[in-house]
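coords08.txt follows (compact mmCIF, C-alpha atoms):
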```
# COMPACT_ATOMS: atom_id res chain seq x y z
CA MET A 115 -20.56 69.34 -9.97
CA ILE A 116 -21.84 67.58 -13.09
CA LYS A 117 -25.43 66.41 -12.85
CA ILE A 118 -27.58 64.58 -15.37
CA ASP A 119 -31.12 65.76 -15.85
CA PHE A 120 -33.34 62.99 -17.18
CA ASN A 121 -36.18 65.38 -17.89
CA SER A 122 -33.92 67.48 -20.07
CA ASN A 123 -34.45 67.61 -23.78
CA THR A 124 -30.71 67.27 -24.35
CA PRO A 125 -28.99 63.92 -24.88
CA ILE A 126 -26.79 62.83 -21.97
CA TYR A 127 -23.63 63.01 -24.06
CA ALA A 128 -24.34 66.65 -24.96
CA GLN A 129 -25.51 67.48 -21.41
CA ILE A 130 -22.14 66.60 -19.90
CA ILE A 131 -20.24 68.63 -22.53
CA GLU A 132 -22.60 71.60 -21.96
CA GLN A 133 -22.16 71.40 -18.19
CA ILE A 134 -18.39 71.36 -18.30
CA LYS A 135 -18.45 74.39 -20.63
CA ARG A 136 -20.97 76.12 -18.38
CA ASP A 137 -18.87 75.49 -15.28
CA ILE A 138 -15.90 77.06 -17.07
CA ALA A 139 -17.96 80.05 -18.24
CA LEU A 140 -19.23 80.62 -14.70
CA GLY A 141 -15.72 80.38 -13.25
CA LEU A 142 -16.40 77.19 -11.29
CA LEU A 143 -13.65 75.56 -13.35
CA ASN A 144 -10.54 77.58 -14.19
CA PRO A 145 -7.55 77.11 -16.50
CA GLY A 146 -5.24 74.46 -15.05
CA ASP A 147 -7.98 72.78 -12.98
CA LYS A 148 -7.98 69.01 -13.18
CA LEU A 149 -11.09 67.24 -14.40
CA PRO A 150 -12.23 64.04 -12.69
CA SER A 151 -10.67 60.91 -14.18
CA VAL A 152 -12.71 58.85 -16.63
CA ARG A 153 -13.09 56.21 -13.95
CA GLU A 154 -14.29 58.67 -11.27
CA LEU A 155 -16.80 60.40 -13.52
CA SER A 156 -18.07 57.13 -14.98
CA ALA A 157 -18.65 55.66 -11.51
CA LYS A 158 -20.22 58.83 -10.13
CA LEU A 159 -22.65 59.42 -12.99
CA LEU A 160 -23.10 55.72 -13.85
CA ILE A 161 -22.17 56.35 -17.45
CA ASN A 162 -20.29 54.04 -19.79
CA PRO A 163 -16.58 54.98 -19.42
CA ASN A 164 -16.18 54.85 -23.21
CA THR A 165 -18.74 57.67 -23.50
CA ILE A 166 -16.79 59.76 -20.96
CA ILE A 167 -13.63 59.17 -23.02
CA LYS A 168 -15.48 60.42 -26.12
CA ILE A 169 -16.69 63.50 -24.24
CA TYR A 170 -13.12 64.35 -23.16
CA THR A 171 -11.89 63.76 -26.72
CA GLU A 172 -14.54 66.13 -28.07
CA LEU A 173 -13.56 68.83 -25.52
CA GLU A 174 -9.92 68.30 -26.45
CA ARG A 175 -10.74 68.71 -30.14
CA GLU A 176 -12.31 72.08 -29.27
CA SER A 177 -9.14 72.96 -27.28
CA ILE A 178 -11.20 73.41 -24.12
CA ILE A 179 -9.20 70.82 -22.23
CA TYR A 180 -5.86 69.09 -22.72
CA THR A 181 -4.71 65.70 -21.53
CA LYS A 182 -1.34 64.78 -20.06
CA LYS A 183 -0.75 61.07 -20.51
CA GLY A 184 -0.94 59.27 -17.19
CA VAL A 185 -1.63 62.48 -15.25
CA GLY A 186 -5.13 63.54 -16.25
CA SER A 187 -7.20 66.07 -18.16
CA PHE A 188 -7.00 69.80 -17.44
CA ILE A 189 -8.84 72.98 -18.40
CA SER A 190 -6.74 74.74 -21.03
CA SER A 191 -5.69 78.39 -20.76
CA GLN A 192 -7.23 79.31 -24.13
CA THR A 193 -10.58 78.34 -22.73
CA VAL A 194 -11.47 81.80 -21.42
CA LYS A 195 -11.30 83.26 -24.93
CA LEU A 196 -13.30 80.39 -26.43
CA ILE A 197 -15.90 80.56 -23.74
CA ALA A 198 -16.60 84.34 -23.85
CA PRO A 199 -19.47 84.15 -26.39
CA ARG A 200 -20.99 81.32 -24.39
CA ARG A 201 -20.85 83.44 -21.25
CA LYS A 202 -22.83 86.14 -23.06
CA LYS A 203 -25.36 83.56 -24.20
CA ILE A 204 -25.94 82.23 -20.66
CA ILE A 205 -26.49 85.74 -19.27
CA ASN A 206 -28.79 86.63 -22.17
CA GLU A 207 -30.90 83.57 -21.46
CA LEU A 208 -31.22 84.50 -17.79
CA ILE A 209 -32.24 88.07 -18.67
CA GLU A 210 -34.77 86.76 -21.15
CA LYS A 211 -36.25 84.46 -18.51
CA SER A 212 -36.74 87.29 -16.04
CA TYR A 213 -38.21 89.50 -18.75
CA ILE A 214 -40.78 86.85 -19.72
CA GLU A 215 -41.64 86.45 -16.04
CA ALA A 216 -42.04 90.24 -15.70
CA VAL A 217 -44.42 90.36 -18.69
CA HIS A 218 -46.53 87.61 -17.13
CA LEU A 219 -46.65 89.53 -13.87
CA GLY A 220 -48.13 92.47 -15.78
CA MET A 221 -45.08 94.69 -15.48
CA THR A 222 -44.50 97.43 -18.07
CA ASN A 223 -41.23 97.63 -19.99
CA ALA A 224 -40.29 100.79 -18.12
CA GLU A 225 -40.91 99.10 -14.76
CA PHE A 226 -38.78 96.11 -15.78
CA GLU A 227 -35.91 98.37 -16.89
CA LYS A 228 -36.14 100.36 -13.66
CA ILE A 229 -36.16 97.27 -11.41
CA SER A 230 -33.28 95.69 -13.35
CA LYS A 231 -31.20 98.84 -13.12
CA GLU A 232 -31.89 99.25 -9.37
CA LYS A 233 -30.91 95.63 -8.70
CA ILE A 234 -27.75 95.86 -10.80
CA ASP A 235 -26.71 99.09 -9.05
CA GLU A 236 -27.39 97.46 -5.68
CA LEU A 237 -25.33 94.40 -6.51
CA ILE A 238 -22.45 96.47 -7.87
CA SER A 239 -22.31 98.75 -4.84
CA GLU A 240 -22.38 95.68 -2.55
CA LYS A 241 -19.45 94.23 -4.45
CA LYS A 242 -17.45 97.47 -4.12
CA THR A 243 -17.79 97.69 -0.33
CA MET B 49 -10.11 46.20 -34.88
CA SER B 50 -10.86 43.78 -32.10
CA GLU B 51 -12.47 40.40 -32.78
CA PRO B 52 -16.26 40.33 -33.05
CA ILE B 53 -17.96 38.44 -30.22
CA ILE B 54 -21.27 38.45 -32.09
CA GLU B 55 -21.41 38.46 -35.87
CA ILE B 56 -24.68 38.41 -37.78
CA LYS B 57 -24.74 38.25 -41.57
CA GLY B 58 -27.77 38.49 -43.89
CA LEU B 59 -30.00 37.15 -41.13
CA THR B 60 -33.60 36.61 -42.24
CA LYS B 61 -36.30 34.88 -40.25
CA TYR B 62 -39.74 33.83 -41.44
CA TYR B 63 -42.58 32.52 -39.28
CA GLY B 64 -44.76 31.02 -42.00
CA LYS B 65 -45.19 33.88 -44.47
CA PHE B 66 -44.46 36.56 -41.87
CA CYS B 67 -40.99 38.03 -42.17
CA ALA B 68 -39.76 38.82 -38.63
CA LEU B 69 -36.17 39.74 -39.60
CA LYS B 70 -35.01 41.03 -42.96
CA ASP B 71 -31.34 40.82 -43.96
CA VAL B 72 -29.88 41.92 -40.61
CA ASN B 73 -26.12 42.52 -40.48
CA LEU B 74 -24.27 43.50 -37.33
CA LYS B 75 -21.05 42.97 -35.40
CA ILE B 76 -20.42 43.46 -31.71
CA SER B 77 -16.79 43.72 -30.66
CA ARG B 78 -15.30 42.63 -27.35
CA GLY B 79 -15.87 45.09 -24.50
CA LYS B 80 -18.74 46.92 -26.18
CA VAL B 81 -22.27 47.48 -24.94
CA TYR B 82 -24.68 47.17 -27.85
CA ALA B 83 -28.20 48.43 -27.16
CA LEU B 84 -30.85 46.77 -29.28
CA LEU B 85 -33.96 48.91 -29.50
CA GLY B 86 -37.28 48.51 -31.20
CA ARG B 87 -40.97 48.74 -30.60
CA ASN B 88 -42.86 45.69 -29.38
CA GLY B 89 -43.06 43.22 -32.23
CA ALA B 90 -40.27 44.86 -34.24
CA GLY B 91 -38.08 41.75 -34.24
CA LYS B 92 -35.85 42.13 -31.16
CA SER B 93 -37.02 38.95 -29.50
CA SER B 94 -36.67 36.94 -32.72
CA LEU B 95 -33.07 38.12 -32.99
CA ILE B 96 -32.33 37.24 -29.37
CA LYS B 97 -34.00 33.83 -29.73
CA ILE B 98 -31.72 33.06 -32.68
CA LEU B 99 -28.64 34.24 -30.78
CA THR B 100 -29.51 32.02 -27.85
CA GLY B 101 -30.16 29.02 -30.08
CA PHE B 102 -33.91 28.75 -29.39
CA GLU B 103 -34.73 29.44 -33.06
CA ASP B 104 -32.90 28.79 -36.33
CA PRO B 105 -32.34 31.42 -39.01
CA SER B 106 -34.34 31.04 -42.26
CA GLN B 107 -31.41 32.57 -44.17
CA GLY B 108 -28.03 34.01 -43.26
CA SER B 109 -25.99 33.30 -40.16
CA ALA B 110 -25.62 34.32 -36.52
CA LYS B 111 -22.33 33.52 -34.82
CA ILE B 112 -21.06 33.91 -31.28
CA PHE B 113 -17.31 33.47 -30.71
CA GLY B 114 -17.14 32.55 -34.42
CA THR B 115 -19.46 29.56 -34.04
CA ASP B 116 -23.03 29.24 -35.33
CA CYS B 117 -25.47 29.95 -32.49
CA ASP B 118 -27.43 26.74 -32.96
CA SER B 119 -24.35 24.59 -32.51
CA LEU B 120 -22.50 26.29 -29.64
CA PRO B 121 -20.70 23.69 -27.52
CA PRO B 122 -21.54 23.67 -23.76
CA GLU B 123 -18.17 25.14 -22.77
CA PHE B 124 -19.00 28.22 -24.88
CA ARG B 125 -22.52 28.42 -23.50
CA ALA B 126 -21.08 28.54 -19.98
CA THR B 127 -19.40 31.84 -20.86
CA ILE B 128 -22.68 33.52 -21.90
CA ALA B 129 -25.15 34.97 -19.43
CA TYR B 130 -28.71 35.24 -20.62
CA LEU B 131 -31.31 37.25 -18.76
CA VAL B 132 -34.81 37.35 -20.12
CA GLU B 133 -37.86 39.11 -18.69
CA GLY B 134 -37.68 38.28 -15.01
CA GLN B 135 -35.08 35.90 -13.63
CA TYR B 136 -35.33 32.15 -13.75
CA LEU B 137 -33.92 31.34 -10.37
CA TYR B 138 -35.21 28.52 -8.17
CA GLY B 139 -37.57 30.12 -5.65
CA SER B 140 -37.27 27.33 -3.09
CA MET B 141 -33.48 27.69 -2.77
CA SER B 142 -31.78 29.98 -0.28
CA ILE B 143 -29.02 32.25 -1.52
CA THR B 144 -26.37 29.89 -0.09
CA GLU B 145 -28.05 26.89 -1.73
CA LEU B 146 -28.08 28.74 -5.05
CA LYS B 147 -24.35 29.39 -4.68
CA ASN B 148 -23.61 25.70 -4.03
CA PHE B 149 -25.91 24.66 -6.88
CA SER B 150 -24.36 27.07 -9.42
CA ARG B 151 -20.67 26.50 -8.60
CA PRO B 152 -20.07 23.18 -10.44
CA PHE B 153 -21.44 24.51 -13.74
CA TYR B 154 -18.74 27.12 -14.19
CA LYS B 155 -15.00 26.81 -14.60
CA ASN B 156 -14.20 30.33 -13.33
CA TRP B 157 -16.70 30.40 -10.45
CA SER B 158 -15.63 32.61 -7.53
CA ASP B 159 -17.31 32.21 -4.11
CA GLY B 160 -15.41 35.30 -2.96
CA ILE B 161 -17.03 37.55 -5.56
CA PHE B 162 -20.48 36.03 -5.02
CA ASP B 163 -20.28 36.62 -1.25
CA LYS B 164 -19.01 40.18 -1.68
CA VAL B 165 -21.81 41.15 -4.06
CA ILE B 166 -24.47 39.59 -1.81
CA LYS B 167 -23.02 41.51 1.13
CA TYR B 168 -22.78 44.72 -0.90
CA PHE B 169 -26.51 44.54 -1.62
CA ASN B 170 -27.27 43.75 2.07
CA LEU B 171 -28.91 40.41 1.23
CA LYS B 172 -29.18 37.65 3.83
CA THR B 173 -27.68 34.35 2.67
CA LYS B 174 -30.44 32.31 4.39
CA SER B 175 -33.26 34.09 2.54
CA LYS B 176 -35.28 31.92 0.17
CA ILE B 177 -35.14 33.40 -3.31
CA GLY B 178 -38.92 33.06 -3.65
CA THR B 179 -39.42 35.47 -0.75
CA LEU B 180 -37.25 38.22 -2.25
CA SER B 181 -38.54 41.25 -4.12
CA ARG B 182 -38.05 41.53 -7.88
CA GLY B 183 -35.22 44.00 -7.32
CA GLN B 184 -33.47 41.70 -4.84
CA ARG B 185 -33.84 38.72 -7.20
CA ALA B 186 -32.14 40.82 -9.88
CA GLN B 187 -29.33 41.54 -7.41
CA VAL B 188 -28.93 37.81 -6.70
CA TYR B 189 -28.95 37.09 -10.42
CA PHE B 190 -26.16 39.60 -10.99
CA ALA B 191 -24.20 38.14 -8.05
CA VAL B 192 -24.27 34.82 -9.93
CA ILE B 193 -23.21 36.51 -13.17
CA LEU B 194 -20.33 38.35 -11.52
CA ALA B 195 -19.21 35.14 -9.78
CA TYR B 196 -18.92 33.09 -12.98
CA SER B 197 -17.65 35.99 -15.04
CA PRO B 198 -19.21 35.32 -18.44
CA GLU B 199 -17.64 36.88 -21.53
CA LEU B 200 -20.97 37.85 -23.07
CA LEU B 201 -24.15 39.08 -21.40
CA ILE B 202 -27.40 39.03 -23.31
CA LEU B 203 -29.82 41.11 -21.27
CA ASP B 204 -33.36 41.16 -22.57
CA ASP B 205 -35.22 43.94 -20.77
CA PRO B 206 -33.32 43.47 -17.46
CA MET B 207 -35.03 46.49 -15.91
CA LEU B 208 -38.57 45.27 -16.57
CA GLY B 209 -40.71 45.85 -13.51
CA LEU B 210 -37.85 47.14 -11.34
CA ASP B 211 -38.17 50.32 -9.30
CA THR B 212 -35.80 53.28 -9.67
CA ALA B 213 -33.43 52.19 -6.90
CA ALA B 214 -33.20 48.62 -8.20
CA ARG B 215 -32.57 49.87 -11.73
CA ARG B 216 -29.76 52.02 -10.40
CA ASP B 217 -28.14 48.95 -8.78
CA ILE B 218 -28.27 47.09 -12.09
CA LEU B 219 -26.81 50.08 -13.94
CA GLU B 220 -23.98 50.13 -11.41
CA VAL B 221 -23.28 46.47 -12.11
CA ILE B 222 -23.31 47.00 -15.87
CA VAL B 223 -21.06 50.07 -15.77
CA SER B 224 -18.56 48.30 -13.51
CA LEU B 225 -18.59 45.26 -15.80
CA ILE B 226 -17.65 47.40 -18.77
CA HIS B 227 -15.04 49.29 -16.84
CA ASN B 228 -13.23 46.62 -14.95
CA GLN B 229 -13.71 43.51 -16.96
CA LYS B 230 -14.20 44.35 -20.64
CA LYS B 231 -17.33 42.26 -20.89
CA THR B 232 -19.46 42.37 -24.02
CA VAL B 233 -23.12 43.19 -23.50
CA LEU B 234 -26.13 42.95 -25.78
CA TYR B 235 -28.78 45.00 -24.05
CA SER B 236 -32.38 45.18 -25.14
CA THR B 237 -34.73 47.59 -23.40
CA HIS B 238 -37.39 50.26 -23.73
CA ILE B 239 -35.92 52.63 -21.15
CA LEU B 240 -33.98 54.93 -23.41
CA ASN B 241 -32.31 57.27 -20.93
CA GLU B 242 -30.65 54.20 -19.41
CA VAL B 243 -29.46 53.21 -22.86
CA GLU B 244 -27.82 56.62 -23.18
CA ARG B 245 -25.89 55.89 -20.00
CA VAL B 246 -24.55 52.47 -20.88
CA ALA B 247 -24.50 52.01 -24.65
CA ASP B 248 -21.45 52.20 -26.92
CA GLU B 249 -23.46 51.29 -29.97
CA ILE B 250 -27.13 51.54 -30.88
CA GLY B 251 -29.15 49.22 -33.09
CA ILE B 252 -32.76 50.05 -33.89
CA ILE B 253 -34.99 47.37 -35.40
CA ASP B 254 -38.19 48.43 -37.11
CA ASN B 255 -40.47 46.00 -38.94
CA GLY B 256 -37.69 43.39 -39.00
CA LYS B 257 -35.09 45.70 -40.52
CA LEU B 258 -32.06 47.05 -38.69
CA ILE B 259 -32.57 50.72 -39.58
CA VAL B 260 -29.86 52.10 -37.28
CA ASN B 261 -26.56 50.42 -36.46
CA CYS B 262 -23.95 52.89 -35.21
CA ASP B 263 -21.98 54.43 -32.39
CA TYR B 264 -24.12 56.23 -29.77
CA THR B 265 -22.31 59.57 -29.95
CA ASP B 266 -22.26 59.46 -33.78
CA LEU B 267 -26.02 58.88 -33.76
CA ILE B 268 -26.59 61.83 -31.43
CA LYS B 269 -24.45 64.06 -33.67
CA GLN B 270 -26.46 63.15 -36.79
CA TYR B 271 -29.84 64.49 -35.68
CA SER B 272 -30.99 67.96 -34.64
CA GLU B 273 -34.25 69.62 -33.76
CA ILE B 274 -34.68 73.13 -35.13
CA ARG B 275 -37.39 75.44 -33.86
CA ILE B 276 -38.50 78.14 -36.22
CA ASP B 277 -40.80 81.11 -35.87
CA LYS B 278 -44.51 80.49 -36.40
CA ASN B 279 -44.61 83.10 -39.20
CA SER B 280 -42.01 81.25 -41.28
CA HIS B 281 -43.00 79.68 -44.59
CA VAL B 282 -42.51 75.95 -44.25
CA ASP B 283 -44.69 74.56 -47.06
CA GLN B 284 -41.98 73.75 -49.59
CA LEU B 285 -39.13 73.35 -47.13
CA ASN B 286 -38.96 69.55 -46.92
CA LYS B 287 -39.06 69.27 -50.72
CA LYS B 288 -36.09 71.62 -51.07
CA PHE B 289 -34.00 70.08 -48.31
CA PRO B 290 -33.91 66.29 -48.30
CA PHE B 291 -32.18 66.26 -44.88
CA ILE B 292 -35.47 67.41 -43.29
CA LEU B 293 -37.23 64.37 -41.80
CA SER B 294 -40.33 66.06 -40.47
CA ILE B 295 -41.95 69.43 -39.84
CA LYS B 296 -44.48 69.69 -37.04
CA ASP B 297 -46.73 72.48 -35.88
CA ASP B 298 -45.82 72.70 -32.20
CA PHE B 299 -48.20 75.27 -30.71
CA ASP B 300 -45.94 78.33 -30.51
CA SER B 301 -43.41 77.37 -33.19
CA PHE B 302 -42.61 74.86 -35.91
CA LYS B 303 -40.39 71.92 -34.99
CA ILE B 304 -38.17 70.58 -37.76
CA VAL B 305 -36.20 67.37 -37.31
CA VAL B 306 -33.14 67.10 -39.54
CA LYS B 307 -30.57 64.42 -40.20
CA ASN B 308 -27.41 66.27 -41.01
CA GLU B 309 -24.11 66.66 -39.22
CA ASN B 310 -23.39 70.01 -40.81
CA GLU B 311 -24.72 72.49 -38.27
CA ASP B 312 -24.78 75.65 -40.35
CA PHE B 313 -28.53 75.70 -40.85
CA ALA B 314 -28.68 79.51 -40.75
CA GLU B 315 -26.53 79.47 -43.90
CA LYS B 316 -28.66 76.73 -45.51
CA PHE B 317 -31.93 78.56 -44.85
CA LYS B 318 -30.63 82.04 -45.66
CA ASN B 319 -32.70 82.35 -48.88
CA GLU B 320 -35.86 81.03 -47.19
CA ASP B 321 -38.49 82.93 -45.29
CA VAL B 322 -37.49 81.13 -42.10
CA LYS B 323 -36.50 82.51 -38.72
CA ILE B 324 -34.55 80.04 -36.59
CA LEU B 325 -35.29 80.26 -32.86
CA SER B 326 -33.10 77.42 -31.61
CA ILE B 327 -31.14 74.38 -32.75
CA ASN B 328 -30.72 71.51 -30.35
CA LYS B 329 -29.40 67.97 -30.25
CA MET B 330 -32.09 65.38 -29.60
CA PRO B 331 -32.15 62.84 -26.78
CA LEU B 332 -32.16 59.22 -27.94
CA GLU B 333 -35.84 58.89 -27.04
CA ASN B 334 -36.83 61.60 -29.53
CA ILE B 335 -34.62 60.17 -32.28
CA PHE B 336 -36.15 56.75 -31.64
CA LEU B 337 -39.70 58.11 -31.86
CA GLU B 338 -38.87 60.08 -35.00
CA LEU B 339 -37.63 56.91 -36.71
CA THR B 340 -40.12 54.33 -35.48
CA ALA B 341 -43.40 55.93 -34.36
CA GLU B 342 -46.48 55.51 -36.50
CA LYS B 343 -47.57 58.72 -38.13
CA TYR B 344 -51.25 59.12 -37.24
CA SER B 345 -53.23 61.93 -38.75
CA GLY B 346 -55.20 64.20 -36.45
CA SER B 347 -55.37 63.65 -32.71
CA LEU B 348 -56.99 61.11 -30.42
CA TYR B 349 -58.63 64.02 -28.61
CA ASP B 350 -60.74 64.68 -31.71
CA ILE B 351 -62.11 61.13 -31.67
CA LEU B 352 -62.93 60.74 -27.98
```

As a first step, turn the structure in this file into structure tokens.
Amino acid sequence: MIKIDFNSNTPIYAQIIEQIKRDIALGLLNPGDKLPSVRELSAKLLINPNTIIKIYTELERESIIYTKKGVGSFISSQTVKLIAPRRKKIINELIEKSYIEAVHLGMTNAEFEKISKEKIDELISEKKT
Amino acid sequence: MSEPIIEIKGLTKYYGKFCALKDVNLKISRGKVYALLGRNGAGKSSLIKILTGFEDPSQGSAKIFGTDCDSLPPEFRATIAYLVEGQYLYGSMSITELKNFSRPFYKNWSDGIFDKVIKYFNLKTKSKIGTLSRGQRAQVYFAVILAYSPELLILDDPMLGLDTAARRDILEVIVSLIHNQKKTVLYSTHILNEVERVADEIGIIDNGKLIVNCDYTDLIKQYSEIRIDKNSHVDQLNKKFPFILSIKDDFDSFKIVVKNENEDFAEKFKNEDVKILSINKMPLENIFLELTAEKYSGSLYDIL
């Protein structure tokens, strides 16, 4: 689930926070889901457990997760509301990436719009059936 | 809060007229991993030499367990592990011989732990240490450390010359030491993404001065990198805003490094002719370079 990218231009501390938020935005983590324990995540990622505790505290401060003493940390139900703008941002970035790619491939704006629309229609009709 | 394991006050060290350390103050509490960073020649080794009793301070004091480092009694020394550039283990001994040799030095020695760690790393107990690879020697060294369970580990570039897999093994040892045993670690290295994994606190030495001494996550929160549009007017920007550390022309945009926890830069720049493209937190490596790298003018490409 959570992976550290050493070529990334984001500090490890911020990477883990970003990834948990991203997983929630993409629906991979849902309200009520339990997060790995500090021990599990620390051992899996080989990260100082104190840093994992700080990451969970930060997410708690933002009301994205809550912690039940002795039970664990869970995704909070308010998260969906909090995460909506982030969801928009992720999708915008993906659209921007494909647009840049289209420009480099010599596509006109009209062609890009047409292809995007066709693909979206195709995906939506697949989902309906 | 908890008792300091290492406490350094007003530490200054001269070699002749050269000042290697200037008024260094720092505390490391029990159970913390303190990463000591600095460029070559910045003063890291001088500090570590004083902590290990190889050198005396010119002024100020350095204490471990509340006792001056140059007069630590042997029973205290036996609770400190010191690893410096490569491991000083006897090459002619086999792993079993090393175990028998090491045992009488340490009160808390555990054969059980030593054997388990050796087995975990798939090492053969009959192997002569001299025939092992660098990575395997590091594994043996850490088997010894785990077996005698020191309170304090002073690791001076423990990853030097180790390959990726061997470095991972060492990281695993360090993380488990913090987790299970509340050991205190002073860790000096140049591999900054590994520091981000293991450090609680960061100290950066530059020209003998401790210019950073704080919690890792607090340090990360303090600095940001802002990219602004190439058409923005940046000339007077750093004069107006003292939190701007540098402005660089970065091909397709300007890169501004700021030291400021307040993230509302859009608000701060609203009266400027500046278009913000992105604001990001900086990895430790970039913060380190920002604070310590020489500022050369021009480019090496123009000379060669």

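For chain B, the residues within 7 Å of chain A are Leu219, Glu220, Val223, His227, Asn241, Glu244, Arg245, Val246, Ala247, Asp248, Thr265, Lys329, Met330, Pro331 and Leu332 of chain B, with all atoms listed in the file used to measure distance.
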
Residues from last step as file, C-alpha atoms, as a PDB file, keeping the file's coordinate frame:
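New file part.pdb:
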```
ATOM      1  CA  LEU B 219     -26.810  50.080 -13.940  1.00  0.00           C
ATOM      2  CA  GLU B 220     -23.980  50.130 -11.410  1.00  0.00           C
ATOM      3  CA  VAL B 223     -21.060  50.070 -15.770  1.00  0.00           C
ATOM      4  CA  HIS B 227     -15.040  49.290 -16.840  1.00  0.00           C
ATOM      5  CA  ASN B 241     -32.310  57.270 -20.930  1.00  0.00           C
ATOM      6  CA  GLU B 244     -27.820  56.620 -23.180  1.00  0.00           C
ATOM      7  CA  ARG B 245     -25.890  55.890 -20.000  1.00  0.00           C
ATOM      8  CA  VAL B 246     -24.550  52.470 -20.880  1.00  0.00           C
ATOM      9  CA  ALA B 247     -24.500  52.010 -24.650  1.00  0.00           C
ATOM     10  CA  ASP B 248     -21.450  52.200 -26.920  1.00  0.00           C
ATOM     11  CA  THR B 265     -22.310  59.570 -29.950  1.00  0.00           C
ATOM     12  CA  LYS B 329     -29.400  67.970 -30.250  1.00  0.00           C
ATOM     13  CA  MET B 330     -32.090  65.380 -29.600  1.00  0.00           C
ATOM     14  CA  PRO B 331     -32.150  62.840 -26.780  1.00  0.00           C
ATOM     15  CA  LEU B 332     -32.160  59.220 -27.940  1.00  0.00           C
TER      16      LEU B 332
END
```

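Taking atom CA of A:Ile205 and atom CA of A:Met221 as the two end points, the separation is 21.0 Å.
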
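If you look at atom CA of B:Tyr344 and atom CA of B:Ile295, they are 14.1 Å away from each other.
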
May I have the residues within 12 Å of A:Leu173 as a PyMOL selection string, using all atoms listed in the file and disregarding those fewer than 2 positions away in the same chain?
chain A and resi 127-128+130-135+149+166-171+175-181+187-190+193+196

Distance query stretch 159-175 of chain B at most 6 Å, only C-alpha atoms, self and fewer than 6 positions along chain excluded, as a ChimeraX atom specification:
/B:142-144,191,195

In Å and to one decimal, atom CA of B:Lys323 is distant from atom CA of B:Asp277 by 5.3 Å

Place a sphere of radius 12 Å on (-38.3, 31.1, -30.7) in the file coordinates and name every protein, DNA or RNA residue with an atom inside or on its surface, counting all atoms listed in the file; give the answer as a PyMOL selection string.
chain B and resi 61-63+68+91-105+118

Produce a file of the selected residues containing C-alpha atoms, as a short mmCIF file (atom, residue, chain, number, x, y, z; two decimals), keeping the file's coordinate frame.
```
data_model
loop_
_atom_site.label_atom_id
_atom_site.label_comp_id
_atom_site.auth_asym_id
_atom_site.auth_seq_id
_atom_site.Cartn_x
_atom_site.Cartn_y
_atom_site.Cartn_z
CA LYS B 61 -36.30 34.88 -40.25
CA TYR B 62 -39.74 33.83 -41.44
CA TYR B 63 -42.58 32.52 -39.28
CA ALA B 68 -39.76 38.82 -38.63
CA GLY B 91 -38.08 41.75 -34.24
CA LYS B 92 -35.85 42.13 -31.16
CA SER B 93 -37.02 38.95 -29.50
CA SER B 94 -36.67 36.94 -32.72
CA LEU B 95 -33.07 38.12 -32.99
CA ILE B 96 -32.33 37.24 -29.37
CA LYS B 97 -34.00 33.83 -29.73
CA ILE B 98 -31.72 33.06 -32.68
CA LEU B 99 -28.64 34.24 -30.78
CA THR B 100 -29.51 32.02 -27.85
CA GLY B 101 -30.16 29.02 -30.08
CA PHE B 102 -33.91 28.75 -29.39
CA GLU B 103 -34.73 29.44 -33.06
CA ASP B 104 -32.90 28.79 -36.33
CA PRO B 105 -32.34 31.42 -39.01
CA ASP B 118 -27.43 26.74 -32.96
#
```

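The environment of B:Lys231 within 9 Å, counting only C-alpha atoms and disregarding residues fewer than 3 places along the same chain, consists of B:Arg78, B:Gly79, B:Lys80, B:Val81, B:Ser197, B:Pro198, B:Glu199, B:Leu200, B:Leu201, B:Leu225, B:Ile226, B:His227, B:Asn228.
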
Restricting to all atoms listed in the file, whichever of B:Lys147, B:Leu285, B:Ser158, B:Ile276 is closest to B:Asp298 is B:Ile276
